[in-house]
Amino acid sequence: VSVCVPPSLPRLLIVYPWTQRFFSNFGNLSSPTAIIGNPKVRAHGKKVLTSFGEAVKNLDSIKGTYSKLSELHCQKLHVDPENFRLLGDILIIVLASHFGRDFTPASQAAWQKLVGVVAHALARNYH
Amino acid sequence: MVLSPQDKTNVKAVFGKICGHADEYGAEALERMFHAHPQTKTYFPHFDLAKGSAQVKAHGKKVAAALVEAANNIDDIAGALSKLSDLHAQKLRVDPVNFKLLGHCFLVVVASHNPSVLTPEVHASLDKFLCAVGTVLTAKYR
């Protein structure tokens, strides 16, 4: 996970460029090279990794783990929850690239559930 | 979503690399989709969906052939898939959301077998292409 989560954010910004709308103060996002090299993107990728790590450690209470972050993404960051789904799918593809055949259909199914639950938890306190 | 000349080049390059395995990839994409998104199985009550199923392999071959055909006629995907588009509209009526799911699983298969091929830029192009195919297949729904 620590290897796969950080590259997922730049990949999200490249594959679905409209997601860059939330990062207008991150500086140069003008090309894939710029995005991948951007220190603010990298730093944010690490933040996302940390919170994902928390989810994996607290699989029985993901809603609780993400409660404050959900408020933040709704009230302050104004992120459409669809974007959480998009990031989850990107993470799955990065995992597949990293683990190859070891990323079996059963593994993928479990991870799809996890990213789905995380996305749901992040959207849960939206109002 | 419009495919740029670079997108088309990227897609053709990917299919050039995977064409020997397209059939297997089609079957594996279906297998992954059935596993990760069990609701998609509702379209195949007449199939044996157990691992290694001959019916899934055969269907995977059909899916792969359609994708290869679309890639080979990337300047006119609608023309190339016109009959398939009619079929999906009139007979199969698969809910549009499911094309995204299969497209995603196809990307997962390509990524797991060819990690170095799926750079972020190529990933973007392939994703756009798969969206375009889905759009064509659902274009005549209403």
# chains A, B, ... in the order shown; residues from 1 in each chain; ligands from 1
call {"tool": "residues_around", "arguments": {"residues": "A:Gly100", "least_positions_apart": "5", "cutoff": "12 Å", "atoms": "only C-alpha atoms", "output": "ChimeraX atom specification"}}
result
/A:92-95,105,107-108 /B:108-116
call {"tool": "select_by_dssp", "arguments": {"residues": "stretch 54-99 of chain B", "states": "alpha helix (DSSP H)", "output": "VMD selection string"}}
result
chain B and resid 54 to 72 77 to 80 82 to 87 97 to 99
call {"tool": "write_last_selection", "arguments": {"atoms": "N, CA, C and O atoms", "output": "CSV table (one decimal), in the first residue's frame"}}
result
chain,number,residue,atom,x,y,z
B,54,ALA,N,-16.0,-22.5,-19.9
B,54,ALA,CA,-15.8,-22.4,-21.4
B,54,ALA,C,-16.7,-21.2,-22.0
B,54,ALA,O,-16.3,-20.6,-22.9
B,55,GLN,N,-17.9,-21.1,-21.3
B,55,GLN,CA,-18.8,-20.0,-21.9
B,55,GLN,C,-18.2,-18.6,-21.6
B,55,GLN,O,-18.3,-17.7,-22.5
B,56,VAL,N,-17.5,-18.4,-20.4
B,56,VAL,CA,-16.9,-17.1,-20.1
B,56,VAL,C,-15.7,-16.9,-21.1
B,56,VAL,O,-15.5,-15.8,-21.6
B,57,LYS,N,-15.0,-18.0,-21.3
B,57,LYS,CA,-13.8,-17.9,-22.3
B,57,LYS,C,-14.3,-17.5,-23.6
B,57,LYS,O,-13.7,-16.6,-24.3
B,58,ALA,N,-15.4,-18.1,-24.1
B,58,ALA,CA,-15.9,-17.8,-25.4
B,58,ALA,C,-16.4,-16.4,-25.5
B,58,ALA,O,-16.2,-15.6,-26.4
B,59,HIS,N,-17.1,-16.0,-24.4
B,59,HIS,CA,-17.6,-14.6,-24.4
B,59,HIS,C,-16.5,-13.6,-24.3
B,59,HIS,O,-16.6,-12.5,-24.9
B,60,GLY,N,-15.5,-13.9,-23.6
B,60,GLY,CA,-14.3,-13.1,-23.5
B,60,GLY,C,-13.6,-12.8,-24.8
B,60,GLY,O,-13.2,-11.7,-25.2
B,61,LYS,N,-13.7,-13.9,-25.6
B,61,LYS,CA,-13.1,-13.8,-27.0
B,61,LYS,C,-13.9,-12.8,-27.8
B,61,LYS,O,-13.3,-12.0,-28.6
B,62,LYS,N,-15.2,-12.9,-27.7
B,62,LYS,CA,-16.1,-12.0,-28.4
B,62,LYS,C,-15.8,-10.5,-28.0
B,62,LYS,O,-15.8,-9.6,-28.9
B,63,VAL,N,-15.7,-10.3,-26.7
B,63,VAL,CA,-15.5,-8.9,-26.2
B,63,VAL,C,-14.2,-8.4,-26.7
B,63,VAL,O,-14.1,-7.3,-27.2
B,64,ALA,N,-13.1,-9.3,-26.6
B,64,ALA,CA,-11.8,-8.9,-27.1
B,64,ALA,C,-11.8,-8.5,-28.6
B,64,ALA,O,-11.3,-7.5,-29.0
B,65,ALA,N,-12.5,-9.4,-29.4
B,65,ALA,CA,-12.6,-9.2,-30.8
B,65,ALA,C,-13.2,-7.8,-31.1
B,65,ALA,O,-12.8,-7.1,-32.0
B,66,ALA,N,-14.3,-7.5,-30.4
B,66,ALA,CA,-14.9,-6.2,-30.6
B,66,ALA,C,-14.0,-5.0,-30.2
B,66,ALA,O,-13.9,-4.0,-31.0
B,67,LEU,N,-13.2,-5.2,-29.2
B,67,LEU,CA,-12.3,-4.1,-28.8
B,67,LEU,C,-11.2,-4.0,-29.8
B,67,LEU,O,-10.8,-2.8,-30.2
B,68,VAL,N,-10.7,-5.1,-30.3
B,68,VAL,CA,-9.6,-5.1,-31.4
B,68,VAL,C,-10.2,-4.4,-32.6
B,68,VAL,O,-9.5,-3.6,-33.2
B,69,GLU,N,-11.4,-4.8,-33.0
B,69,GLU,CA,-12.1,-4.2,-34.1
B,69,GLU,C,-12.2,-2.7,-34.0
B,69,GLU,O,-11.9,-1.9,-34.9
B,70,ALA,N,-12.6,-2.2,-32.8
B,70,ALA,CA,-12.7,-0.8,-32.5
B,70,ALA,C,-11.4,-0.1,-32.6
B,70,ALA,O,-11.3,1.0,-33.2
B,71,ALA,N,-10.3,-0.7,-32.1
B,71,ALA,CA,-9.0,-0.2,-32.1
B,71,ALA,C,-8.5,-0.1,-33.5
B,71,ALA,O,-7.8,0.9,-33.9
B,72,ASN,N,-8.8,-1.1,-34.3
B,72,ASN,CA,-8.3,-1.1,-35.7
B,72,ASN,C,-9.1,-0.1,-36.6
B,72,ASN,O,-8.7,0.3,-37.7
B,77,ILE,N,-15.3,4.4,-34.7
B,77,ILE,CA,-15.7,3.3,-33.8
B,77,ILE,C,-17.2,3.0,-33.9
B,77,ILE,O,-17.7,1.9,-34.0
B,78,ALA,N,-18.0,4.1,-34.1
B,78,ALA,CA,-19.4,3.9,-34.3
B,78,ALA,C,-19.8,3.1,-35.5
B,78,ALA,O,-20.7,2.2,-35.4
B,79,GLY,N,-19.1,3.3,-36.6
B,79,GLY,CA,-19.3,2.5,-37.8
B,79,GLY,C,-18.9,1.0,-37.6
B,79,GLY,O,-19.6,0.1,-37.9
B,80,ALA,N,-17.7,0.9,-37.0
B,80,ALA,CA,-17.2,-0.5,-36.7
B,80,ALA,C,-18.1,-1.3,-35.8
B,80,ALA,O,-18.2,-2.5,-36.0
B,82,SER,N,-21.4,-0.8,-35.2
B,82,SER,CA,-22.8,-0.4,-35.4
B,82,SER,C,-23.7,-1.6,-35.1
B,82,SER,O,-24.7,-1.5,-34.5
B,83,LYS,N,-23.3,-2.8,-35.6
B,83,LYS,CA,-24.2,-4.0,-35.4
B,83,LYS,C,-24.3,-4.3,-33.9
B,83,LYS,O,-25.4,-4.6,-33.4
B,84,LEU,N,-23.2,-4.2,-33.2
B,84,LEU,CA,-23.1,-4.5,-31.8
B,84,LEU,C,-23.9,-3.5,-31.0
B,84,LEU,O,-24.6,-3.8,-30.0
B,85,SER,N,-23.9,-2.3,-31.5
B,85,SER,CA,-24.7,-1.2,-30.9
B,85,SER,C,-26.2,-1.5,-31.0
B,85,SER,O,-26.9,-1.4,-30.0
B,86,ASP,N,-26.6,-2.0,-32.2
B,86,ASP,CA,-28.0,-2.3,-32.4
B,86,ASP,C,-28.4,-3.5,-31.4
B,86,ASP,O,-29.4,-3.5,-30.8
B,87,LEU,N,-27.5,-4.5,-31.4
B,87,LEU,CA,-27.8,-5.6,-30.5
B,87,LEU,C,-28.0,-5.2,-29.1
B,87,LEU,O,-28.9,-5.7,-28.4
B,97,VAL,N,-24.2,1.6,-17.0
B,97,VAL,CA,-23.2,1.7,-15.9
B,97,VAL,C,-22.2,0.5,-16.0
B,97,VAL,O,-21.0,0.6,-15.6
B,98,ASN,N,-22.7,-0.6,-16.6
B,98,ASN,CA,-21.8,-1.8,-16.6
B,98,ASN,C,-20.7,-1.8,-17.5
B,98,ASN,O,-19.7,-2.5,-17.4
B,99,PHE,N,-20.8,-0.9,-18.6
B,99,PHE,CA,-19.7,-0.8,-19.5
B,99,PHE,C,-18.4,-0.2,-18.8
B,99,PHE,O,-17.3,-0.5,-19.1
call {"tool": "interface_residues", "arguments": {"of": "chain B", "to": "chain A", "cutoff": "12 Å", "atoms": "only C-alpha atoms", "output": "NGL selection string"}}
result
:B and (1 or 7 or 27-38 or 51 or 100-101 or 103-128)
call {"tool": "residues_around", "arguments": {"residues": "A:Leu114", "least_positions_apart": "6", "cutoff": "12 Å", "atoms": "only C-alpha atoms", "output": "PDB file with all heavy atoms, in the first residue's frame"}}
result
ATOM      1  N   PHE A  52      -5.372   6.322   4.503  1.00  0.00           N
ATOM      2  CA  PHE A  52      -5.731   4.996   4.011  1.00  0.00           C
ATOM      3  C   PHE A  52      -5.177   3.920   4.940  1.00  0.00           C
ATOM      4  O   PHE A  52      -5.849   2.935   5.249  1.00  0.00           O
ATOM      5  CB  PHE A  52      -5.176   4.795   2.595  1.00  0.00           C
ATOM      6  CG  PHE A  52      -6.079   3.981   1.738  1.00  0.00           C
ATOM      7  CD1 PHE A  52      -7.093   4.601   1.027  1.00  0.00           C
ATOM      8  CD2 PHE A  52      -5.940   2.615   1.630  1.00  0.00           C
ATOM      9  CE1 PHE A  52      -7.951   3.861   0.237  1.00  0.00           C
ATOM     10  CE2 PHE A  52      -6.802   1.872   0.847  1.00  0.00           C
ATOM     11  CZ  PHE A  52      -7.799   2.494   0.143  1.00  0.00           C
ATOM     12  N   GLY A  53      -3.934   4.166   5.387  1.00  0.00           N
ATOM     13  CA  GLY A  53      -3.307   3.245   6.333  1.00  0.00           C
ATOM     14  C   GLY A  53      -4.146   3.111   7.601  1.00  0.00           C
ATOM     15  O   GLY A  53      -4.321   2.014   8.137  1.00  0.00           O
ATOM     16  N   ALA A  55      -7.364   3.480   7.774  1.00  0.00           N
ATOM     17  CA  ALA A  55      -8.551   2.679   7.428  1.00  0.00           C
ATOM     18  C   ALA A  55      -8.221   1.198   7.489  1.00  0.00           C
ATOM     19  O   ALA A  55      -8.962   0.397   8.052  1.00  0.00           O
ATOM     20  CB  ALA A  55      -9.065   3.049   6.043  1.00  0.00           C
ATOM     21  N   VAL A  56      -7.064   0.829   6.886  1.00  0.00           N
ATOM     22  CA  VAL A  56      -6.673  -0.578   6.860  1.00  0.00           C
ATOM     23  C   VAL A  56      -6.443  -1.104   8.276  1.00  0.00           C
ATOM     24  O   VAL A  56      -6.761  -2.245   8.591  1.00  0.00           O
ATOM     25  CB  VAL A  56      -5.412  -0.775   5.969  1.00  0.00           C
ATOM     26  CG1 VAL A  56      -4.863  -2.176   6.098  1.00  0.00           C
ATOM     27  CG2 VAL A  56      -5.751  -0.470   4.518  1.00  0.00           C
ATOM     28  N   ASN A  58      -8.035   0.004  10.904  1.00  0.00           N
ATOM     29  CA  ASN A  58      -9.305   0.064  11.634  1.00  0.00           C
ATOM     30  C   ASN A  58     -10.459  -0.382  10.753  1.00  0.00           C
ATOM     31  O   ASN A  58     -11.463   0.307  10.632  1.00  0.00           O
ATOM     32  CB  ASN A  58      -9.569   1.494  12.115  1.00  0.00           C
ATOM     33  CG  ASN A  58      -8.537   1.956  13.111  1.00  0.00           C
ATOM     34  OD1 ASN A  58      -8.562   1.553  14.260  1.00  0.00           O
ATOM     35  ND2 ASN A  58      -7.606   2.780  12.656  1.00  0.00           N
ATOM     36  N   LEU A  59     -10.300  -1.575  10.153  1.00  0.00           N
ATOM     37  CA  LEU A  59     -11.277  -2.046   9.177  1.00  0.00           C
ATOM     38  C   LEU A  59     -12.677  -2.177   9.764  1.00  0.00           C
ATOM     39  O   LEU A  59     -13.656  -2.136   9.043  1.00  0.00           O
ATOM     40  CB  LEU A  59     -10.831  -3.393   8.581  1.00  0.00           C
ATOM     41  CG  LEU A  59      -9.657  -3.312   7.601  1.00  0.00           C
ATOM     42  CD1 LEU A  59      -9.188  -4.709   7.242  1.00  0.00           C
ATOM     43  CD2 LEU A  59     -10.052  -2.556   6.345  1.00  0.00           C
ATOM     44  N   ASP A  60     -12.746  -2.340  11.088  1.00  0.00           N
ATOM     45  CA  ASP A  60     -14.069  -2.492  11.683  1.00  0.00           C
ATOM     46  C   ASP A  60     -14.732  -1.159  12.018  1.00  0.00           C
ATOM     47  O   ASP A  60     -15.883  -1.127  12.442  1.00  0.00           O
ATOM     48  CB  ASP A  60     -13.983  -3.358  12.959  1.00  0.00           C
ATOM     49  CG  ASP A  60     -13.611  -4.789  12.614  1.00  0.00           C
ATOM     50  OD1 ASP A  60     -14.056  -5.267  11.558  1.00  0.00           O
ATOM     51  OD2 ASP A  60     -12.876  -5.419  13.397  1.00  0.00           O
ATOM     52  N   ILE A  62     -14.356   1.983   9.915  1.00  0.00           N
ATOM     53  CA  ILE A  62     -13.913   2.918   8.879  1.00  0.00           C
ATOM     54  C   ILE A  62     -14.727   4.197   8.918  1.00  0.00           C
ATOM     55  O   ILE A  62     -14.205   5.296   8.745  1.00  0.00           O
ATOM     56  CB  ILE A  62     -13.947   2.248   7.488  1.00  0.00           C
ATOM     57  CG1 ILE A  62     -12.881   1.160   7.424  1.00  0.00           C
ATOM     58  CG2 ILE A  62     -13.727   3.267   6.393  1.00  0.00           C
ATOM     59  CD1 ILE A  62     -12.697   0.540   6.062  1.00  0.00           C
ATOM     60  N   LYS A  63     -16.053   4.043   9.186  1.00  0.00           N
ATOM     61  CA  LYS A  63     -16.899   5.253   9.206  1.00  0.00           C
ATOM     62  C   LYS A  63     -16.360   6.235  10.241  1.00  0.00           C
ATOM     63  O   LYS A  63     -16.282   7.435   9.993  1.00  0.00           O
ATOM     64  CB  LYS A  63     -18.346   4.881   9.555  1.00  0.00           C
ATOM     65  CG  LYS A  63     -19.101   4.251   8.397  1.00  0.00           C
ATOM     66  CD  LYS A  63     -20.526   3.896   8.814  1.00  0.00           C
ATOM     67  CE  LYS A  63     -21.112   2.862   7.876  1.00  0.00           C
ATOM     68  NZ  LYS A  63     -22.179   2.088   8.518  1.00  0.00           N
ATOM     69  N   PHE A  84     -13.851  10.402  -5.056  1.00  0.00           N
ATOM     70  CA  PHE A  84     -13.284   9.371  -4.186  1.00  0.00           C
ATOM     71  C   PHE A  84     -13.334   8.027  -4.895  1.00  0.00           C
ATOM     72  O   PHE A  84     -12.429   7.200  -4.794  1.00  0.00           O
ATOM     73  CB  PHE A  84     -14.020   9.295  -2.851  1.00  0.00           C
ATOM     74  CG  PHE A  84     -14.191  10.621  -2.164  1.00  0.00           C
ATOM     75  CD1 PHE A  84     -15.373  10.931  -1.519  1.00  0.00           C
ATOM     76  CD2 PHE A  84     -13.175  11.566  -2.148  1.00  0.00           C
ATOM     77  CE1 PHE A  84     -15.554  12.161  -0.877  1.00  0.00           C
ATOM     78  CE2 PHE A  84     -13.338  12.791  -1.512  1.00  0.00           C
ATOM     79  CZ  PHE A  84     -14.531  13.084  -0.880  1.00  0.00           C
ATOM     80  N   ARG A  85     -14.450   7.830  -5.648  1.00  0.00           N
ATOM     81  CA  ARG A  85     -14.589   6.590  -6.419  1.00  0.00           C
ATOM     82  C   ARG A  85     -13.505   6.516  -7.492  1.00  0.00           C
ATOM     83  O   ARG A  85     -12.884   5.471  -7.691  1.00  0.00           O
ATOM     84  CB  ARG A  85     -15.959   6.538  -7.102  1.00  0.00           C
ATOM     85  CG  ARG A  85     -17.077   5.941  -6.300  1.00  0.00           C
ATOM     86  CD  ARG A  85     -18.231   5.465  -7.191  1.00  0.00           C
ATOM     87  NE  ARG A  85     -18.137   5.890  -8.571  1.00  0.00           N
ATOM     88  CZ  ARG A  85     -17.536   5.201  -9.552  1.00  0.00           C
ATOM     89  NH1 ARG A  85     -16.972   4.049  -9.286  1.00  0.00           N
ATOM     90  NH2 ARG A  85     -17.497   5.671 -10.766  1.00  0.00           N
ATOM     91  N   GLY A  88     -10.214   5.659  -5.973  1.00  0.00           N
ATOM     92  CA  GLY A  88     -10.224   4.238  -5.607  1.00  0.00           C
ATOM     93  C   GLY A  88      -9.926   3.343  -6.807  1.00  0.00           C
ATOM     94  O   GLY A  88      -9.125   2.410  -6.712  1.00  0.00           O
ATOM     95  N   ASP A  89     -10.546   3.623  -7.941  1.00  0.00           N
ATOM     96  CA  ASP A  89     -10.318   2.817  -9.147  1.00  0.00           C
ATOM     97  C   ASP A  89      -8.877   2.951  -9.641  1.00  0.00           C
ATOM     98  O   ASP A  89      -8.273   1.985 -10.094  1.00  0.00           O
ATOM     99  CB  ASP A  89     -11.291   3.214 -10.258  1.00  0.00           C
ATOM    100  CG  ASP A  89     -12.657   2.549 -10.096  1.00  0.00           C
ATOM    101  OD1 ASP A  89     -12.789   1.649  -9.234  1.00  0.00           O
ATOM    102  OD2 ASP A  89     -13.604   2.938 -10.815  1.00  0.00           O
ATOM    103  N   LEU A  91      -6.297   3.555  -7.738  1.00  0.00           N
ATOM    104  CA  LEU A  91      -5.469   2.788  -6.791  1.00  0.00           C
ATOM    105  C   LEU A  91      -5.477   1.314  -7.158  1.00  0.00           C
ATOM    106  O   LEU A  91      -4.439   0.653  -7.143  1.00  0.00           O
ATOM    107  CB  LEU A  91      -5.988   3.000  -5.359  1.00  0.00           C
ATOM    108  CG  LEU A  91      -5.311   2.152  -4.269  1.00  0.00           C
ATOM    109  CD1 LEU A  91      -3.815   2.425  -4.203  1.00  0.00           C
ATOM    110  CD2 LEU A  91      -5.951   2.406  -2.905  1.00  0.00           C
ATOM    111  N   ILE A  92      -6.653   0.793  -7.522  1.00  0.00           N
ATOM    112  CA  ILE A  92      -6.770  -0.613  -7.910  1.00  0.00           C
ATOM    113  C   ILE A  92      -5.865  -0.917  -9.098  1.00  0.00           C
ATOM    114  O   ILE A  92      -5.192  -1.953  -9.145  1.00  0.00           O
ATOM    115  CB  ILE A  92      -8.230  -0.954  -8.289  1.00  0.00           C
ATOM    116  CG1 ILE A  92      -9.170  -0.683  -7.129  1.00  0.00           C
ATOM    117  CG2 ILE A  92      -8.341  -2.376  -8.822  1.00  0.00           C
ATOM    118  CD1 ILE A  92      -9.454  -1.815  -6.222  1.00  0.00           C
ATOM    119  N   SER A 107      -8.494 -10.895  -4.915  1.00  0.00           N
ATOM    120  CA  SER A 107      -7.849  -9.720  -4.288  1.00  0.00           C
ATOM    121  C   SER A 107      -8.524  -8.448  -4.770  1.00  0.00           C
ATOM    122  O   SER A 107      -8.826  -7.543  -3.992  1.00  0.00           O
ATOM    123  CB  SER A 107      -6.369  -9.603  -4.665  1.00  0.00           C
ATOM    124  OG  SER A 107      -5.694 -10.794  -4.479  1.00  0.00           O
ATOM    125  N   GLN A 108      -8.726  -8.376  -6.092  1.00  0.00           N
ATOM    126  CA  GLN A 108      -9.345  -7.172  -6.644  1.00  0.00           C
ATOM    127  C   GLN A 108     -10.720  -6.946  -6.028  1.00  0.00           C
ATOM    128  O   GLN A 108     -11.060  -5.819  -5.652  1.00  0.00           O
ATOM    129  CB  GLN A 108      -9.482  -7.272  -8.166  1.00  0.00           C
ATOM    130  CG  GLN A 108     -10.077  -6.004  -8.775  1.00  0.00           C
ATOM    131  CD  GLN A 108     -10.393  -6.116 -10.242  1.00  0.00           C
ATOM    132  OE1 GLN A 108      -9.959  -7.038 -10.923  1.00  0.00           O
ATOM    133  NE2 GLN A 108     -11.157  -5.167 -10.749  1.00  0.00           N
ATOM    134  N   HIS A 120     -17.438   5.696   0.497  1.00  0.00           N
ATOM    135  CA  HIS A 120     -18.722   5.885   1.161  1.00  0.00           C
ATOM    136  C   HIS A 120     -18.551   6.622   2.485  1.00  0.00           C
ATOM    137  O   HIS A 120     -19.310   7.536   2.808  1.00  0.00           O
ATOM    138  CB  HIS A 120     -19.377   4.518   1.365  1.00  0.00           C
ATOM    139  CG  HIS A 120     -20.719   4.592   2.017  1.00  0.00           C
ATOM    140  ND1 HIS A 120     -21.883   4.847   1.327  1.00  0.00           N
ATOM    141  CD2 HIS A 120     -21.081   4.477   3.317  1.00  0.00           C
ATOM    142  CE1 HIS A 120     -22.900   4.874   2.174  1.00  0.00           C
ATOM    143  NE2 HIS A 120     -22.453   4.645   3.388  1.00  0.00           N
ATOM    144  N   ALA A 121     -17.523   6.214   3.261  1.00  0.00           N
ATOM    145  CA  ALA A 121     -17.273   6.835   4.569  1.00  0.00           C
ATOM    146  C   ALA A 121     -16.912   8.308   4.406  1.00  0.00           C
ATOM    147  O   ALA A 121     -17.351   9.167   5.181  1.00  0.00           O
ATOM    148  CB  ALA A 121     -16.154   6.097   5.299  1.00  0.00           C
TER     149      ALA A 121
ATOM    150  N   ALA B  36     -15.763  -8.916  -8.719  1.00  0.00           N
ATOM    151  CA  ALA B  36     -15.733  -7.645  -7.985  1.00  0.00           C
ATOM    152  C   ALA B  36     -17.088  -6.949  -7.975  1.00  0.00           C
ATOM    153  O   ALA B  36     -17.395  -6.178  -7.069  1.00  0.00           O
ATOM    154  CB  ALA B  36     -14.685  -6.710  -8.579  1.00  0.00           C
TER     155      ALA B  36
END
